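Inspection log for the structure reproduced underneath, given as structure tokens.
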Amino acid sequence: MAEKGNLIKTMALAAKMRLDALPPELKWQGAAGAKQWGSIADAWEKGEPICWNSYCNAPEIFYAMGLPVIMQEALGAASVSLPGKLNEKYIDIAHENLVAEHVCSTQKVMVGATLCGDLPLPTAIAHIAQPCDSTMVLYAVLAERLGIPIFAVDMPNIPTRRDERVTQYVADETERMVAFLEEHTGKKLEDENLREVMGYSNIASEYNLKVNELTKMVPSPFPGPMGGGLVMSAGTPEGAEYYKKLYEMGKAIVESGKGYPPDQRFRVGWFSTGVAHDPRLTSWMRQEFGVIIVNSMLGTFTTPPAQDISSRKKMMEAIAVKQMDAPMQRECGGSIEDWFEYAVPTCRDYELDAVILTVHIGCKNVWAVQKLFKDKIADEVGIPTLVVEADFCDGRPFSGESIRAQISDFFNTMMA
């Protein structure tokens, strides 16, 4: 058995190495990740509380409480780049001990690492009841098996009815999560700390929306959608600095007319999960076919800054809105019509030439609606959709080579 806590130290070391490799003028690109994993490693070394969080459950709460937090999807995606194929090791351990093969591989990484002792038990788990069956099932089962306190923020699956009553319900649920965290970690949420964190979050959100507008330009000054960092960095000074610098860099490219990603022939939207186990897939698509991904489900964030952070009530309402508008919840938190209402205008706003829809093993909702989605995009926008079977963090069920072959066929035939 590996040394307990090995994966935390590995992640902290990898983040620090990425930061150290950047030239001084680009340190802002790696500062948020290095600080986050460094704080987690420090807390583990000192025996202080560490929490687990799920995708798009507002990190601002945890930062305001001084709680280091691990987001399981981010850990799963990052594991594919670590040496020794650790993602496959942990997925296999999860299969052997607890998890069926058809659930999402992002959760399997954390489950396997915990069961073998490479990842220490958290003080508590707090996650959002987003439209992900795997998250809802696996966290509950793992918590029961290992005796970890757990809380799920209830999220109504009614995107078209996000009125004041629904917003207040989610805000109240978030307050219940805070009370749960205070009980089990001994940390307290102070209003002034939350207001400071929300200020940083607002700066990041404001500049992220400006980055989105630059990405809509033809050609785009960015190599892809850039919002994914918000899932972990929102609420930190490093996150605010990252998105401010990112916007300034993109704006300078547009104003100078230099520095654009080359050969932008096809603008594509990726309206489902990506392929983390093949991290060079999108750069290969640019080189081979001139494809640039300008919008994606997991990389495009659209929530505006909070309008009012003067009181705790207003801040909780702002966090509730952010959670309800978060990627995945935004697309899949209601009926297929809600997804259409987001996807169809997005195709037009970003001037897309095609759409890629991965049917990921763990996303049963996407499997169920793939034909409806493909037909809707063709009928309403007049562009084709490539449907590709994939597994997000595990390249063994559907290899990177097989996925690239399908992409090659699509762009050599449908887009020729």
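Naming works like this for the structure tokens: A, B, ... for the chains as they're shown, residue 1 at the start of each chain, ligands 1 onward in shown order.
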
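Secondary structure by DSSP on the backbone puts the following residues of range 104-228 of chain A in strand (DSSP E or B): A:Ala124, A:Ile125, A:Ala126, A:His127, A:Ile128, A:Ile150, A:Phe151, A:Ala152, A:Val153.
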
Go ahead and dump the residues you just picked, C-alpha atoms, as a short mmCIF file (atom, residue, chain, number, x, y, z; two decimals), in the first residue's frame.
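Contents of the output file out_4.cif:
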```cif
data_model
loop_
_atom_site.label_atom_id
_atom_site.label_comp_id
_atom_site.auth_asym_id
_atom_site.auth_seq_id
_atom_site.Cartn_x
_atom_site.Cartn_y
_atom_site.Cartn_z
CA ALA A 124 -16.51 16.08 5.74
CA ILE A 125 -18.05 15.87 2.27
CA ALA A 126 -20.29 18.70 1.04
CA HIS A 127 -21.57 18.48 -2.50
CA ILE A 128 -24.29 19.82 -4.72
CA ILE A 150 -21.86 14.14 4.28
CA PHE A 151 -24.23 16.90 3.16
CA ALA A 152 -25.87 17.44 -0.24
CA VAL A 153 -27.23 20.83 -1.25
#
```

Which residues of range 330-375 of chain A come within 10 Å of range 249-268 of chain A, and what is each one's closest atom pair and distance in Å (one decimal), counting only C-alpha atoms, sorted by chain and residue number, as a tab-separated table?
```
residue	atom	partner	partner_atom	distance
A:Cys347	CA	A:Val268	CA	8.7
A:Tyr350	CA	A:Arg267	CA	7.9
A:Glu351	CA	A:Arg267	CA	7.0
A:Leu352	CA	A:Arg267	CA	4.9
A:Asp353	CA	A:Arg267	CA	5.3
A:Ala354	CA	A:Val268	CA	5.0
A:Val355	CA	A:Val268	CA	5.4
A:Ile356	CA	A:Val268	CA	7.1
```

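Using only C-alpha atoms, the residues found no farther than 6 Å from range 196-208 of chain A, other than those of its own chain fewer than 2 positions away, are Asn193, Leu194, Lys210, Val211, Ala234, Gly235, Thr236, Pro237, Ala240, Tyr243, Lys244, Pro304 and Pro305 of chain A.
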
At a cut-off of 12 Å, using only C-alpha atoms, what residues contact Glu96 in chain A? Leave out same-chain residues fewer than 5 positions from it and give the result as a PDB file with C-alpha atoms, in the first residue's frame.
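Produced file part13.pdb, reproduced below:
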```pdb
ATOM      1  CA  LYS A  89      -4.672   2.365 -10.989  1.00  0.00           C
ATOM      2  CA  TYR A  90      -7.340   4.106  -8.902  1.00  0.00           C
ATOM      3  CA  ILE A  91     -10.159   3.286 -11.322  1.00  0.00           C
ATOM      4  CA  GLU A 101     -17.911   0.082 -14.466  1.00  0.00           C
ATOM      5  CA  LYS A 108     -13.698   6.499  -9.488  1.00  0.00           C
ATOM      6  CA  VAL A 111     -12.822   6.443  -4.595  1.00  0.00           C
ATOM      7  CA  GLY A 112      -9.904   4.217  -5.588  1.00  0.00           C
ATOM      8  CA  LEU A 115      -9.769   2.915  -0.590  1.00  0.00           C
ATOM      9  CA  CYS A 116      -6.082   2.106  -1.101  1.00  0.00           C
TER      10      CYS A 116
END
```

task = Give the alpha helix (DSSP H) residues of range 42-233 of chain A, as DSSP finds them on the backbone, and put them as a ChimeraX atom specification.
result = /A:42-46,59-64,72-79,86-97,105-115,133-146,164-185,191-215,230-233

inquiry  = Taking only C-alpha atoms into account, name the residue in A:Asn412, A:Thr282, A:Ser296, A:Ser233 that is nearest to Ala343 in chain A.
reply    =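 Selected residue with least distance to Ala343 in chain A: A:Ser296.
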
query = Near Pro279 in chain A, within 10 Å and counting only C-alpha atoms, which residues show up once chain neighbours fewer than 4 positions away are dropped, as a list in words?
reply =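 Returned residues: Ala77, Ala78, Val80, Ser81, Gly274, Val275, Ser283, Trp284 and Gly400 of chain A.
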
Among the residues A:Glu317, A:Gly117, A:Arg286, A:Lys187, the one that comes closest to Glu164 in chain A [using only C-alpha atoms] = A:Glu317

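Of the residues under consideration (A:Pro219, A:Asp349, A:Gln406, A:Pro397), A:Asp349 shows the shortest atom-to-atom contact distance to Val381 in chain A when counting only C-alpha atoms.
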
query = Which residues, written as a list in words, have at least one atom at most 8 Å from Glu73 in chain A, with only C-alpha atoms counted and residues fewer than 4 positions away on the same chain left out?
reply =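 Surrounding residues, per the criterion: Ser54, Tyr55, Ala77, Thr106 and Gln107 of chain A.
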
ask   = Any idea what's packed within 10 Å of Gln29 in chain A, counting only C-alpha atoms, ignoring anything in its chain fewer than 6 positions away? Could you give it as number ranges by chain?
value = A: 18-19, 22, 238-239, 241-243, 245-246

Same residues, C-alpha atoms, output as an mmCIF file, in the first residue's frame:
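Saved result, selection-v7.cif, follows:
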```cif
data_model
loop_
_atom_site.group_PDB
_atom_site.id
_atom_site.type_symbol
_atom_site.label_atom_id
_atom_site.label_comp_id
_atom_site.auth_asym_id
_atom_site.auth_seq_id
_atom_site.Cartn_x
_atom_site.Cartn_y
_atom_site.Cartn_z
ATOM 1 C CA ARG A 18 4.121 23.801 -13.230
ATOM 2 C CA LEU A 19 4.341 27.172 -11.483
ATOM 3 C CA LEU A 22 6.587 29.396 -15.987
ATOM 4 C CA GLU A 238 -5.108 34.463 -7.648
ATOM 5 C CA GLY A 239 -8.294 33.617 -9.561
ATOM 6 C CA GLU A 241 -5.713 38.081 -11.175
ATOM 7 C CA TYR A 242 -5.798 35.152 -13.616
ATOM 8 C CA TYR A 243 -8.959 36.282 -15.393
ATOM 9 C CA LYS A 245 -4.567 39.021 -17.003
ATOM 10 C CA LEU A 246 -6.258 36.606 -19.399
#
```

task = Tell me, in Å to one decimal, how far CA of Glu48 in chain A is from CA of Lys35 in chain A.
result =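 That distance, rounded to one decimal, is 16.5 Å.
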
Nearest to Asn87 in chain A by atom-to-atom distance, counting only C-alpha atoms, from A:Glu389, A:Asp154, A:Glu45, A:Asp394 =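 Smallest separation from Asn87 in chain A among the options: A:Asp394.
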